[in-house]
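See below for entry12.json, which holds JSON, C-alpha atoms.
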```json
[["chain", "number", "residue", "atom", "x", "y", "z"],
["A", 1, "MET", "CA", 0.00, 0.00, 0.00],
["A", 2, "PRO", "CA", 1.42, 3.43, -0.87],
["A", 3, "ASN", "CA", 2.61, 5.46, 2.08],
["A", 4, "ILE", "CA", -0.01, 8.16, 1.57],
["A", 5, "LEU", "CA", -2.84, 5.69, 1.87],
["A", 6, "VAL", "CA", -1.31, 4.04, 4.95],
["A", 7, "ILE", "CA", -1.14, 7.40, 6.72],
["A", 8, "ALA", "CA", -4.58, 8.47, 5.50],
["A", 9, "LYS", "CA", -6.13, 5.23, 6.71],
["A", 10, "ARG", "CA", -4.63, 5.52, 10.18],
["A", 11, "GLU", "CA", -5.67, 9.16, 10.41],
["A", 12, "LEU", "CA", -9.21, 8.42, 9.33],
["A", 13, "GLN", "CA", -9.48, 5.59, 11.86],
["A", 14, "SER", "CA", -8.30, 7.84, 14.64],
["A", 15, "TYR", "CA", -11.13, 10.29, 13.80],
["A", 16, "PHE", "CA", -13.70, 7.68, 14.61],
["A", 17, "VAL", "CA", -12.34, 6.28, 17.86],
["A", 18, "SER", "CA", -13.65, 9.24, 19.85],
["A", 19, "PRO", "CA", -17.33, 10.06, 20.11],
["A", 20, "ILE", "CA", -16.54, 13.67, 19.21],
["A", 21, "ALA", "CA", -16.46, 12.75, 15.53],
["A", 22, "TYR", "CA", -19.98, 11.34, 15.71],
["A", 23, "VAL", "CA", -21.23, 14.35, 17.66],
["A", 24, "ALA", "CA", -19.73, 16.68, 15.06],
["A", 25, "ILE", "CA", -21.32, 14.73, 12.23],
["A", 26, "ALA", "CA", -24.70, 14.78, 13.98],
["A", 27, "VAL", "CA", -24.52, 18.53, 14.64],
["A", 28, "TYR", "CA", -23.56, 19.20, 11.05],
["A", 29, "LEU", "CA", -26.42, 17.10, 9.69],
["A", 30, "VAL", "CA", -28.97, 18.69, 12.01],
["A", 31, "ILE", "CA", -27.97, 22.22, 11.02],
["A", 32, "ALA", "CA", -27.81, 21.41, 7.29],
["A", 33, "GLY", "CA", -31.12, 19.54, 7.46],
["A", 34, "PHE", "CA", -32.82, 22.33, 9.38],
["A", 35, "ILE", "CA", -31.72, 24.95, 6.86],
["A", 36, "PHE", "CA", -32.86, 22.66, 4.03],
["A", 37, "VAL", "CA", -36.36, 22.27, 5.48],
["A", 38, "LEU", "CA", -36.60, 25.97, 6.20],
["A", 39, "GLU", "CA", -35.66, 26.91, 2.65],
["A", 40, "MET", "CA", -37.90, 24.36, 0.98],
["A", 41, "SER", "CA", -40.94, 25.30, 3.05],
["A", 42, "GLY", "CA", -40.25, 28.99, 2.45],
["A", 43, "MET", "CA", -40.07, 28.49, -1.30],
["A", 44, "ALA", "CA", -43.20, 26.35, -1.30],
["A", 45, "GLN", "CA", -45.03, 29.05, 0.65],
["A", 46, "TYR", "CA", -44.22, 31.73, -1.91],
["A", 47, "GLY", "CA", -44.71, 29.40, -4.86],
["A", 48, "GLU", "CA", -41.11, 29.77, -6.07],
["A", 49, "PRO", "CA", -39.41, 26.97, -8.02],
["A", 50, "PRO", "CA", -37.38, 24.89, -5.56],
["A", 51, "SER", "CA", -33.66, 25.62, -5.62],
["A", 52, "LEU", "CA", -30.74, 24.26, -3.60],
["A", 53, "ARG", "CA", -28.58, 27.36, -4.02],
["A", 54, "GLY", "CA", -29.26, 28.63, -0.51],
["A", 55, "GLU", "CA", -28.62, 25.19, 0.99],
["A", 56, "PHE", "CA", -25.21, 24.90, -0.68],
["A", 57, "GLY", "CA", -24.36, 28.40, 0.50],
["A", 58, "THR", "CA", -25.10, 27.29, 4.03],
["A", 59, "MET", "CA", -22.95, 24.20, 3.65],
["A", 60, "VAL", "CA", -19.99, 26.29, 2.53],
["A", 61, "PHE", "CA", -20.48, 28.46, 5.58],
["A", 62, "LEU", "CA", -20.62, 25.37, 7.80],
["A", 63, "LEU", "CA", -17.32, 24.22, 6.30],
["A", 64, "LEU", "CA", -15.77, 27.36, 7.75],
["A", 65, "ILE", "CA", -16.82, 26.20, 11.18],
["A", 66, "PHE", "CA", -16.09, 22.50, 10.84],
["A", 67, "ALA", "CA", -12.76, 22.56, 9.00],
["A", 68, "PRO", "CA", -10.61, 23.90, 11.88],
["A", 69, "PRO", "CA", -11.59, 21.23, 14.45],
["A", 70, "LEU", "CA", -11.03, 18.54, 11.83],
["A", 71, "THR", "CA", -7.62, 19.74, 10.74],
["A", 72, "MET", "CA", -6.01, 21.75, 13.50],
["A", 73, "ARG", "CA", -4.51, 18.84, 15.43],
["A", 74, "LEU", "CA", -3.28, 16.80, 12.50],
["A", 75, "LEU", "CA", 0.36, 17.75, 12.92],
["A", 76, "ALA", "CA", 0.23, 19.51, 16.29],
["A", 77, "GLU", "CA", -0.94, 16.34, 18.01],
["A", 78, "GLU", "CA", 1.86, 14.30, 16.45],
["A", 79, "GLN", "CA", 4.34, 16.86, 17.68],
["A", 80, "ARG", "CA", 2.88, 16.78, 21.18],
["A", 81, "MET", "CA", 2.87, 12.98, 21.44],
["A", 82, "GLY", "CA", 6.35, 12.68, 19.98],
["A", 83, "THR", "CA", 5.01, 10.52, 17.19],
["A", 84, "LEU", "CA", 6.02, 13.07, 14.56],
["A", 85, "GLU", "CA", 9.54, 11.76, 15.08],
["A", 86, "LEU", "CA", 8.26, 8.31, 14.19],
["A", 87, "LEU", "CA", 6.70, 9.50, 10.94],
["A", 88, "LEU", "CA", 9.67, 11.61, 9.91],
["A", 89, "THR", "CA", 12.21, 8.87, 10.61],
["A", 90, "ALA", "CA", 10.19, 6.22, 8.78],
["A", 91, "PRO", "CA", 11.12, 5.78, 5.12],
["A", 92, "VAL", "CA", 8.36, 8.18, 4.13],
["A", 93, "GLN", "CA", 8.66, 11.55, 2.42],
["A", 94, "ASP", "CA", 7.41, 14.63, 4.27],
["A", 95, "TRP", "CA", 4.96, 15.46, 1.52],
["A", 96, "GLU", "CA", 3.52, 11.95, 1.76],
["A", 97, "VAL", "CA", 2.75, 12.53, 5.44],
["A", 98, "VAL", "CA", 1.10, 15.87, 4.69],
["A", 99, "LEU", "CA", -0.88, 14.57, 1.72],
["A", 100, "GLY", "CA", -1.99, 11.50, 3.67],
["A", 101, "LYS", "CA", -3.29, 13.67, 6.45],
["A", 102, "PHE", "CA", -4.98, 15.98, 3.97],
["A", 103, "LEU", "CA", -6.74, 13.07, 2.33],
["A", 104, "ALA", "CA", -7.89, 11.77, 5.70],
["A", 105, "SER", "CA", -9.43, 15.07, 6.73],
["A", 106, "LEU", "CA", -10.99, 15.47, 3.30],
["A", 107, "GLY", "CA", -12.49, 12.01, 3.68],
["A", 108, "GLY", "CA", -13.56, 12.84, 7.20],
["A", 109, "TYR", "CA", -15.36, 15.92, 5.95],
["A", 110, "CYS", "CA", -17.08, 14.23, 3.04],
["B", 1, "MET", "CA", 13.83, 4.24, 20.47],
["B", 2, "PRO", "CA", 13.64, 7.55, 22.33],
["B", 3, "GLU", "CA", 13.13, 7.96, 26.07],
["B", 4, "THR", "CA", 9.42, 8.75, 25.81],
["B", 5, "VAL", "CA", 7.99, 6.09, 23.56],
["B", 6, "PRO", "CA", 6.14, 7.58, 20.59],
["B", 7, "LEU", "CA", 2.81, 5.75, 20.48],
["B", 8, "TYR", "CA", -0.71, 6.50, 19.34],
["B", 9, "PRO", "CA", -2.77, 5.99, 22.51],
["B", 10, "GLU", "CA", -6.02, 5.48, 20.61],
["B", 11, "MET", "CA", -4.75, 2.53, 18.57],
["B", 12, "ALA", "CA", -4.69, -1.14, 19.49],
["B", 13, "VAL", "CA", -1.23, -2.65, 19.89],
["B", 14, "ALA", "CA", -1.50, -4.93, 16.85],
["B", 15, "ASP", "CA", -2.93, -2.13, 14.67],
["B", 16, "TYR", "CA", -0.16, 0.22, 15.69],
["B", 17, "LEU", "CA", 2.52, -2.34, 14.89],
["B", 18, "ASP", "CA", 0.85, -3.11, 11.57],
["B", 19, "PHE", "CA", 0.78, 0.60, 10.74],
["B", 20, "MET", "CA", 4.48, 0.99, 11.54],
["B", 21, "ALA", "CA", 5.32, -2.12, 9.53],
["B", 22, "ALA", "CA", 3.42, -0.71, 6.55],
["B", 23, "LEU", "CA", 5.29, 2.59, 6.84],
["B", 24, "ARG", "CA", 8.60, 0.76, 6.87],
["B", 25, "HIS", "CA", 7.72, -1.35, 3.83],
["B", 26, "VAL", "CA", 7.96, -4.65, 5.67],
["B", 27, "SER", "CA", 7.06, -7.33, 3.14],
["B", 28, "ASP", "CA", 5.30, -9.84, 5.37],
["B", 29, "ARG", "CA", 3.57, -7.54, 7.83],
["B", 30, "LYS", "CA", 1.54, -10.15, 9.65],
["B", 31, "ALA", "CA", 4.55, -12.33, 10.40],
["B", 32, "ALA", "CA", 6.69, -9.33, 11.35],
["B", 33, "VAL", "CA", 4.07, -8.05, 13.80],
["B", 34, "GLN", "CA", 3.62, -11.51, 15.27],
["B", 35, "HIS", "CA", 7.36, -11.98, 15.64],
["B", 36, "ALA", "CA", 7.89, -8.58, 17.26],
["B", 37, "MET", "CA", 5.07, -9.22, 19.73],
["B", 38, "GLU", "CA", 6.48, -12.61, 20.61],
["B", 39, "ALA", "CA", 9.96, -11.22, 21.14],
["B", 40, "THR", "CA", 8.64, -8.61, 23.57],
["B", 41, "HIS", "CA", 5.98, -10.86, 25.17],
["B", 42, "ILE", "CA", 3.00, -8.66, 24.42],
["B", 43, "GLN", "CA", 0.82, -11.09, 22.45],
["B", 44, "ASP", "CA", -1.76, -11.14, 25.23],
["B", 45, "ARG", "CA", -2.22, -7.36, 24.89],
["B", 46, "ALA", "CA", -2.50, -7.33, 21.10],
["B", 47, "ARG", "CA", -6.11, -6.10, 21.01],
["B", 48, "MET", "CA", -5.76, -3.62, 23.86],
["B", 49, "ASN", "CA", -5.63, 0.11, 23.31],
["B", 50, "ILE", "CA", -2.16, 1.48, 23.86],
["B", 51, "GLY", "CA", -3.58, 4.28, 26.01],
["B", 52, "LYS", "CA", -4.73, 1.70, 28.56],
["B", 53, "LEU", "CA", -1.38, -0.06, 28.90],
["B", 54, "SER", "CA", 1.02, 0.39, 31.80],
["B", 55, "LYS", "CA", 4.29, 2.15, 31.24],
["B", 56, "GLY", "CA", 6.24, -1.09, 31.14],
["B", 57, "TYR", "CA", 4.00, -2.48, 28.44],
["B", 58, "ARG", "CA", 4.24, 0.75, 26.47],
["B", 59, "GLN", "CA", 7.99, 0.49, 26.64],
["B", 60, "ARG", "CA", 7.74, -2.99, 25.24],
["B", 61, "VAL", "CA", 5.37, -1.92, 22.48],
["B", 62, "GLY", "CA", 7.93, 0.73, 21.57],
["B", 63, "LEU", "CA", 10.62, -1.92, 21.50],
["B", 64, "ALA", "CA", 8.42, -4.20, 19.39],
["B", 65, "GLN", "CA", 7.89, -1.31, 17.00],
["B", 66, "ALA", "CA", 11.64, -0.84, 16.72],
["B", 67, "LEU", "CA", 12.11, -4.55, 16.00],
["B", 68, "LEU", "CA", 9.53, -4.73, 13.21],
["B", 69, "HIS", "CA", 11.86, -4.28, 10.28],
["B", 70, "ASP", "CA", 14.61, -6.35, 11.89],
["B", 71, "PRO", "CA", 17.20, -3.55, 12.12],
["B", 72, "ASP", "CA", 20.92, -4.24, 12.32],
["B", 73, "VAL", "CA", 21.43, -1.56, 14.94],
["B", 74, "LEU", "CA", 19.01, -0.83, 17.74],
["B", 75, "ILE", "CA", 19.53, 2.43, 19.62],
["B", 76, "LEU", "CA", 17.86, 2.58, 23.03],
["B", 77, "ASP", "CA", 17.83, 5.75, 25.11],
["B", 78, "GLU", "CA", 17.30, 4.95, 28.79],
["B", 79, "PRO", "CA", 14.85, 2.10, 28.19],
["B", 80, "THR", "CA", 14.26, 1.38, 31.87],
["B", 81, "ILE", "CA", 13.54, 4.90, 33.02],
["B", 82, "GLY", "CA", 10.32, 5.29, 34.98],
["B", 83, "LEU", "CA", 9.64, 1.59, 35.35],
["B", 84, "ASP", "CA", 9.15, -0.34, 38.56],
["B", 85, "PRO", "CA", 11.86, -2.82, 39.64],
["B", 86, "ARG", "CA", 10.11, -5.85, 38.20],
["B", 87, "GLN", "CA", 9.57, -4.19, 34.85],
["B", 88, "ILE", "CA", 13.18, -3.02, 34.85],
["B", 89, "ILE", "CA", 14.35, -6.60, 35.25],
["B", 90, "GLU", "CA", 12.02, -7.74, 32.48],
["B", 91, "VAL", "CA", 13.16, -5.05, 30.07],
["B", 92, "ARG", "CA", 16.82, -5.82, 30.82],
["B", 93, "GLU", "CA", 16.23, -9.52, 30.22],
["B", 94, "LEU", "CA", 14.53, -8.61, 26.98],
["B", 95, "ILE", "CA", 17.46, -6.48, 25.86],
["B", 96, "LYS", "CA", 19.86, -9.27, 26.74],
["B", 97, "SER", "CA", 17.79, -11.75, 24.77],
["B", 98, "LEU", "CA", 17.96, -9.50, 21.72],
["B", 99, "ALA", "CA", 21.73, -9.34, 21.84],
["B", 100, "GLY", "CA", 23.33, -11.49, 19.17],
["B", 101, "GLN", "CA", 20.66, -10.82, 16.57],
["B", 102, "HIS", "CA", 21.00, -7.05, 16.73],
["B", 103, "THR", "CA", 23.73, -4.66, 17.67],
["B", 104, "ILE", "CA", 22.28, -2.71, 20.56],
["B", 105, "LEU", "CA", 23.47, 0.74, 21.49],
["B", 106, "LEU", "CA", 22.20, 1.49, 24.97],
["B", 107, "SER", "CA", 22.45, 4.97, 26.39],
["B", 108, "THR", "CA", 21.93, 5.24, 30.12],
["B", 109, "HIS", "CA", 23.32, 6.77, 33.29],
["B", 110, "ILE", "CA", 22.33, 3.81, 35.47],
["B", 111, "LEU", "CA", 25.68, 2.10, 36.02],
["B", 112, "PRO", "CA", 24.44, -1.22, 37.49],
["B", 113, "GLU", "CA", 22.38, -1.59, 34.34],
["B", 114, "VAL", "CA", 25.51, -1.16, 32.24],
["B", 115, "GLU", "CA", 27.31, -3.78, 34.30],
["B", 116, "GLN", "CA", 24.48, -6.25, 33.84],
["B", 117, "VAL", "CA", 23.61, -5.73, 30.22],
["B", 118, "CYS", "CA", 26.56, -4.38, 28.27],
["B", 119, "THR", "CA", 29.62, -6.07, 26.85],
["B", 120, "ARG", "CA", 31.37, -2.89, 25.81],
["B", 121, "VAL", "CA", 31.21, 0.50, 27.49],
["B", 122, "LEU", "CA", 31.99, 3.95, 26.18],
["B", 123, "ILE", "CA", 32.01, 6.81, 28.66],
["B", 124, "ILE", "CA", 31.46, 10.25, 27.21],
["B", 125, "HIS", "CA", 32.14, 13.37, 29.23],
["B", 126, "ARG", "CA", 31.30, 16.79, 27.80],
["B", 127, "GLY", "CA", 31.19, 15.44, 24.29],
["B", 128, "LYS", "CA", 34.52, 13.68, 24.50],
["B", 129, "LEU", "CA", 35.16, 9.97, 24.73],
["B", 130, "VAL", "CA", 37.02, 9.42, 28.01],
["B", 131, "ALA", "CA", 36.96, 5.64, 28.35],
["B", 132, "GLU", "CA", 36.22, 2.61, 26.26],
["B", 133, "ASP", "CA", 36.45, -0.99, 27.42],
["B", 134, "THR", "CA", 34.54, -3.94, 28.77],
["B", 135, "PRO", "CA", 32.81, -3.27, 32.11],
["B", 136, "GLN", "CA", 35.19, -5.65, 33.93],
["B", 137, "ASN", "CA", 38.31, -3.96, 32.61],
["B", 138, "LEU", "CA", 36.91, -0.54, 33.35],
["B", 139, "SER", "CA", 36.19, -1.31, 36.98],
["B", 140, "ALA", "CA", 39.60, -2.98, 37.31],
["B", 141, "ARG", "CA", 41.22, 0.14, 35.96],
["B", 142, "LEU", "CA", 39.23, 2.36, 38.27],
["B", 143, "HIS", "CA", 40.45, 0.37, 41.24],
["B", 144, "GLY", "CA", 43.38, 2.17, 42.81],
["B", 145, "SER", "CA", 42.21, 5.63, 42.03],
["B", 146, "GLU", "CA", 40.07, 5.95, 45.13],
["B", 147, "ARG", "CA", 40.90, 8.85, 47.37],
["B", 148, "ILE", "CA", 40.70, 9.50, 51.07],
["B", 149, "GLY", "CA", 39.87, 12.99, 52.16],
["B", 150, "LEU", "CA", 40.72, 14.47, 55.54],
["B", 151, "GLN", "CA", 39.79, 17.76, 57.03],
["B", 152, "ILE", "CA", 42.41, 19.09, 59.41],
["B", 153, "SER", "CA", 43.03, 22.31, 61.27],
["B", 154, "GLY", "CA", 46.41, 24.03, 61.35],
["B", 155, "ASP", "CA", 48.81, 24.87, 58.59],
["B", 156, "GLY", "CA", 47.89, 22.20, 56.10],
["B", 157, "PRO", "CA", 50.63, 22.58, 53.46],
["B", 158, "ALA", "CA", 53.42, 22.81, 56.03],
["B", 159, "LEU", "CA", 52.09, 19.86, 57.99],
["B", 160, "SER", "CA", 51.70, 17.65, 55.00],
["B", 161, "ARG", "CA", 55.23, 18.48, 53.81],
["B", 162, "ARG", "CA", 56.67, 17.41, 57.13],
["B", 163, "SER", "CA", 54.58, 14.34, 57.45],
["B", 164, "PRO", "CA", 55.61, 10.92, 56.13],
["B", 165, "LEU", "CA", 52.28, 10.98, 54.45],
["B", 166, "CYS", "CA", 53.31, 13.80, 52.18],
["B", 167, "ARG", "CA", 54.32, 11.48, 49.37],
["B", 168, "ALA", "CA", 50.82, 10.16, 49.24],
["B", 169, "CYS", "CA", 49.25, 13.51, 49.88],
["B", 170, "SER", "CA", 48.41, 14.86, 46.49],
["B", 171, "GLN", "CA", 46.59, 18.02, 47.26],
["B", 172, "SER", "CA", 45.72, 20.28, 50.11],
["B", 173, "GLU", "CA", 43.16, 22.94, 49.87],
["B", 174, "ALA", "CA", 42.63, 25.80, 52.25],
["B", 175, "GLU", "CA", 39.16, 26.28, 53.55],
["B", 176, "ASP", "CA", 37.94, 29.17, 55.64],
["B", 177, "ASN", "CA", 38.47, 29.22, 59.44],
["B", 178, "GLY", "CA", 41.96, 27.75, 59.21],
["B", 179, "ARG", "CA", 40.94, 24.28, 58.15],
["B", 180, "TYR", "CA", 42.46, 22.32, 55.37],
["B", 181, "GLN", "CA", 41.15, 19.72, 53.11],
["B", 182, "VAL", "CA", 43.82, 17.13, 52.39],
["B", 183, "SER", "CA", 43.34, 14.14, 50.17],
["B", 184, "PHE", "CA", 45.37, 10.97, 49.79],
["B", 185, "ALA", "CA", 45.54, 8.28, 47.22],
["B", 186, "PRO", "CA", 45.64, 5.07, 49.28],
["B", 187, "ALA", "CA", 47.10, 3.15, 46.35],
["B", 188, "LYS", "CA", 50.25, 5.27, 46.57],
["B", 189, "MET", "CA", 50.67, 4.76, 50.30],
["B", 190, "SER", "CA", 52.88, 2.00, 51.52],
["B", 191, "ALA", "CA", 51.49, -0.30, 54.17],
["B", 192, "ARG", "CA", 53.86, 1.27, 56.68],
["B", 193, "ASN", "CA", 52.35, 4.68, 56.08],
["B", 194, "TRP", "CA", 48.85, 3.42, 55.79],
["B", 195, "ARG", "CA", 48.49, 1.49, 59.02],
["B", 196, "PRO", "CA", 49.36, 4.22, 61.49],
["B", 197, "LEU", "CA", 47.59, 6.97, 59.60],
["B", 198, "SER", "CA", 45.93, 8.27, 62.70],
["B", 199, "SER", "CA", 49.03, 8.02, 64.90],
["B", 200, "THR", "CA", 51.18, 9.74, 62.29],
["B", 201, "ALA", "CA", 48.70, 12.50, 62.10],
["B", 202, "ASP", "CA", 48.68, 12.82, 65.86],
["B", 203, "GLY", "CA", 52.47, 12.87, 65.98],
["B", 204, "ASP", "CA", 52.54, 15.69, 63.49],
["B", 205, "SER", "CA", 50.03, 17.60, 65.61],
["B", 206, "TRP", "CA", 47.32, 17.45, 63.01],
["B", 207, "ARG", "CA", 44.00, 17.90, 64.49],
["B", 208, "TRP", "CA", 41.44, 15.81, 62.69],
["B", 209, "ARG", "CA", 38.13, 17.27, 62.05],
["B", 210, "GLN", "CA", 36.55, 14.64, 59.99],
["B", 211, "SER", "CA", 37.22, 12.48, 57.03],
["B", 212, "VAL", "CA", 35.27, 13.18, 53.92]]
```

This entry written out as C-alpha cells:
Amino acid sequence: MPNILVIAKRELQSYFVSPIAYVAIAVYLVIAGFIFVLEMSGMAQYGEPPSLRGEFGTMVFLLLIFAPPLTMRLLAEEQRMGTLELLLTAPVQDWEVVLGKFLASLGGYC
Amino acid sequence: MPETVPLYPEMAVADYLDFMAALRHVSDRKAAVQHAMEATHIQDRARMNIGKLSKGYRQRVGLAQALLHDPDVLILDEPTIGLDPRQIIEVRELIKSLAGQHTILLSTHILPEVEQVCTRVLIIHRGKLVAEDTPQNLSARLHGSERIGLQISGDGPALSRRSPLCRACSQSEAEDNGRYQVSFAPAKMSARNWRPLSSTADGDSWRWRQSV
C-alpha cells in the first residue's frame, strides 16, 4: 500500500475512535437539514421553483466552522505525542505525510 | 527508540505495529508483527488500546515497534527509566535476549544496568570519549584511584610536607576558618604509612576534624 494511503487510513481511523467525531457529524447534519427544510418550506409558501442554491451556500459556511476542528490537530498532536519523530524517521517523504493527512481530513469531511 | 515512547494511545497494539510495519515497507507484515510481539511478550495485549497499557508495556510496544523491520542496529535511550523494579528486570532480560541478533546501542546513566547488560562500554564526558572498554576492565582500571579525604586544622601545606604521608598527599586545599582539606591516594601509600595513619597525624600535631 502506498505510504499516503497508509497514513490516510490511520488518520481516518483515529477520527472515529472518539465520540466527538460522531457528535460533530450529527450537529452538522442537524444544522444542514434544518436549513434545508426551512428553505424548501419557504419556497413552497411563496410558490417559487425549488432551488438548492441557498442550501449549498449554508454548507460552505458550515465548512468554515467544521474545517478547523477537523484539521487543526493533525500535525500539532503528532508533535505533542512525539510521534512526529516516528513519521519523519520512517522511510516516508514529508509530503507523503502531509498529503496523507490531507486526504484523511478530506475524507472525514465528506 | 527515544526515552518517551512515541505511540498513538487510541490505537490497538496490533494495529499500531501493523501501521508501523506498513510505513517501513515490511514485506510480510503479519509475520513481522507476530514476531515482534512474541519477542517482547505482548501477544496477550495485542487487542488492547495502547492508552490503557502500563508504562512497562508501552515500553515494550515501543521496542516491538523498533524490532519490526529487523534492524541491524538498535539504539535505546534509557529504556528502563520510569519503570518499577520488576519491569526493569524484564526489560533488561529482553534487551539481553535481543543481543546477538542485533547490535544494541544502549544509552543510560544507570551504572548497574551497564554492568548487567553491556559487553562494551563507552564513557562520554562533555562530548569527549574518556573511556572505552569492557565493564570488567573498566572497573579494574578504576580500582586504585580511590581517594581518602581528611579535614584538618592548622597549617595544612606545612604539615603535609613534614609528614611521612606527604608522598601520598596529592593536594591540600585551604578552607575558611583555618581548616584544610587534604586528600590521599591510598594506592600510593605503603602499608607502613597506611596502618598508622591516625598516629602519624597525631604525631605531626594534626588535628582531625573529619574524614570526607

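Note that the spacing between CA of Arg126 in chain B and CA of Ile75 in chain B amounts to 20.3 Å.
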
Item checked: Minimum-distance residue to Tyr15 in chain A, chosen among A:Gln79, A:Thr71, A:Thr58, A:Thr89 (using all atoms listed in the file) -> A:Thr71

Item checked: Spatial neighbours of Met20 in chain B, max dist 9 Å, all atoms listed in the file, sep filter under 5 positions, as number ranges by chain -> A: 86-87, 90; B: 15, 25-26, 65, 68

Notebook entry, point to check: Pick the closest to Asp77 in chain B from B:His41, B:Val114, B:Leu106, B:Lys55: which is it, counting only C-alpha atoms?
Noted result: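 Of the candidates, the smallest distance to Asp77 in chain B is held by B:Leu106.
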
Residues of chain B within 9 Å of chain A: nearest atom pair and distance (Å, one decimal) for each, counting all atoms listed in the file, sorted by chain and number, as CSV?
```
residue,atom,partner,partner_atom,distance
B:Thr4,CA,A:Gly82,CA,7.7
B:Val5,CA,A:Gly82,CA,7.7
B:Pro6,CA,A:Thr83,CA,4.6
B:Leu7,CA,A:Thr83,CA,6.2
B:Tyr8,CA,A:Thr83,CA,7.3
B:Glu10,CA,A:Ser14,CA,6.8
B:Met11,CA,A:Ser14,CA,7.5
B:Tyr16,CA,A:Arg10,CA,8.9
B:Phe19,CA,A:Val6,CA,7.1
B:Met20,CA,A:Ala90,CA,8.2
B:Ala22,CA,A:Val6,CA,6.9
B:Leu23,CA,A:Asn3,CA,6.2
B:Arg24,CA,A:Pro91,CA,5.9
B:His25,CA,A:Pro91,CA,8.0
```

Can you spit out the residues from that selection as a short mmCIF file (atom, residue, chain, number, x, y, z; two decimals), keeping the file's coordinate frame, using C-alpha atoms?
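New file part.cif:
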```cif
data_model
loop_
_atom_site.label_atom_id
_atom_site.label_comp_id
_atom_site.auth_asym_id
_atom_site.auth_seq_id
_atom_site.Cartn_x
_atom_site.Cartn_y
_atom_site.Cartn_z
CA THR B 4 9.42 8.75 25.81
CA VAL B 5 7.99 6.09 23.56
CA PRO B 6 6.14 7.58 20.59
CA LEU B 7 2.81 5.75 20.48
CA TYR B 8 -0.71 6.50 19.34
CA GLU B 10 -6.02 5.48 20.61
CA MET B 11 -4.75 2.53 18.57
CA TYR B 16 -0.16 0.22 15.69
CA PHE B 19 0.78 0.60 10.74
CA MET B 20 4.48 0.99 11.54
CA ALA B 22 3.42 -0.71 6.55
CA LEU B 23 5.29 2.59 6.84
CA ARG B 24 8.60 0.76 6.87
CA HIS B 25 7.72 -1.35 3.83
#
```

Note to self: Rounded to one decimal, what separation in Å do you get between CA of Asp84 in chain B and CA of Lys96 in chain B?
What the structure shows: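 Going from CA of Asp84 in chain B over to CA of Lys96 in chain B, I get 18.3 Å.
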
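Using only C-alpha atoms, the shortest contact distance between Glu39 in chain A and any of A:Phe61, A:Gln93, A:Phe56, A:Ala26 is found at A:Phe56.
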
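When CA of Val23 in chain A is paired with CA of Tyr109 in chain A, their separation reads 13.2 Å.
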
Notebook entry, point to check: Need the neighbours of (-1.1, -8.9, 21.6): which residues are at most 9 Å away, counting only C-alpha atoms, as a PyMOL selection string?
Noted result: chain B and resi 12-14+34+37-38+41-48

Check: Between A:Pro19, A:Pro49, A:Gly108, A:Gly54, which one has atoms that come closest to Ala67 in chain A, using all atoms listed in the file?
Finding: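 Under the stated criterion, the closest residue is A:Gly108.
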
Next item on the list: Find the spatial neighbours of Ile81 in chain B, counting only C-alpha atoms, within a cut-off of 12 Å - ignore same-chain residues fewer than 4 positions away - and output them as a ChimeraX atom specification.
Entry: /B:2-5,55-56,59,76-77,85,87-89,91-92,107-110,113

Margin query: Env of Pro9 in chain B: 7 Å cut, atoms = only C-alpha atoms, seq-sep filter 4 positions within chain, self excluded. Answer as a ChimeraX atom specification.
Written below: /B:49-51
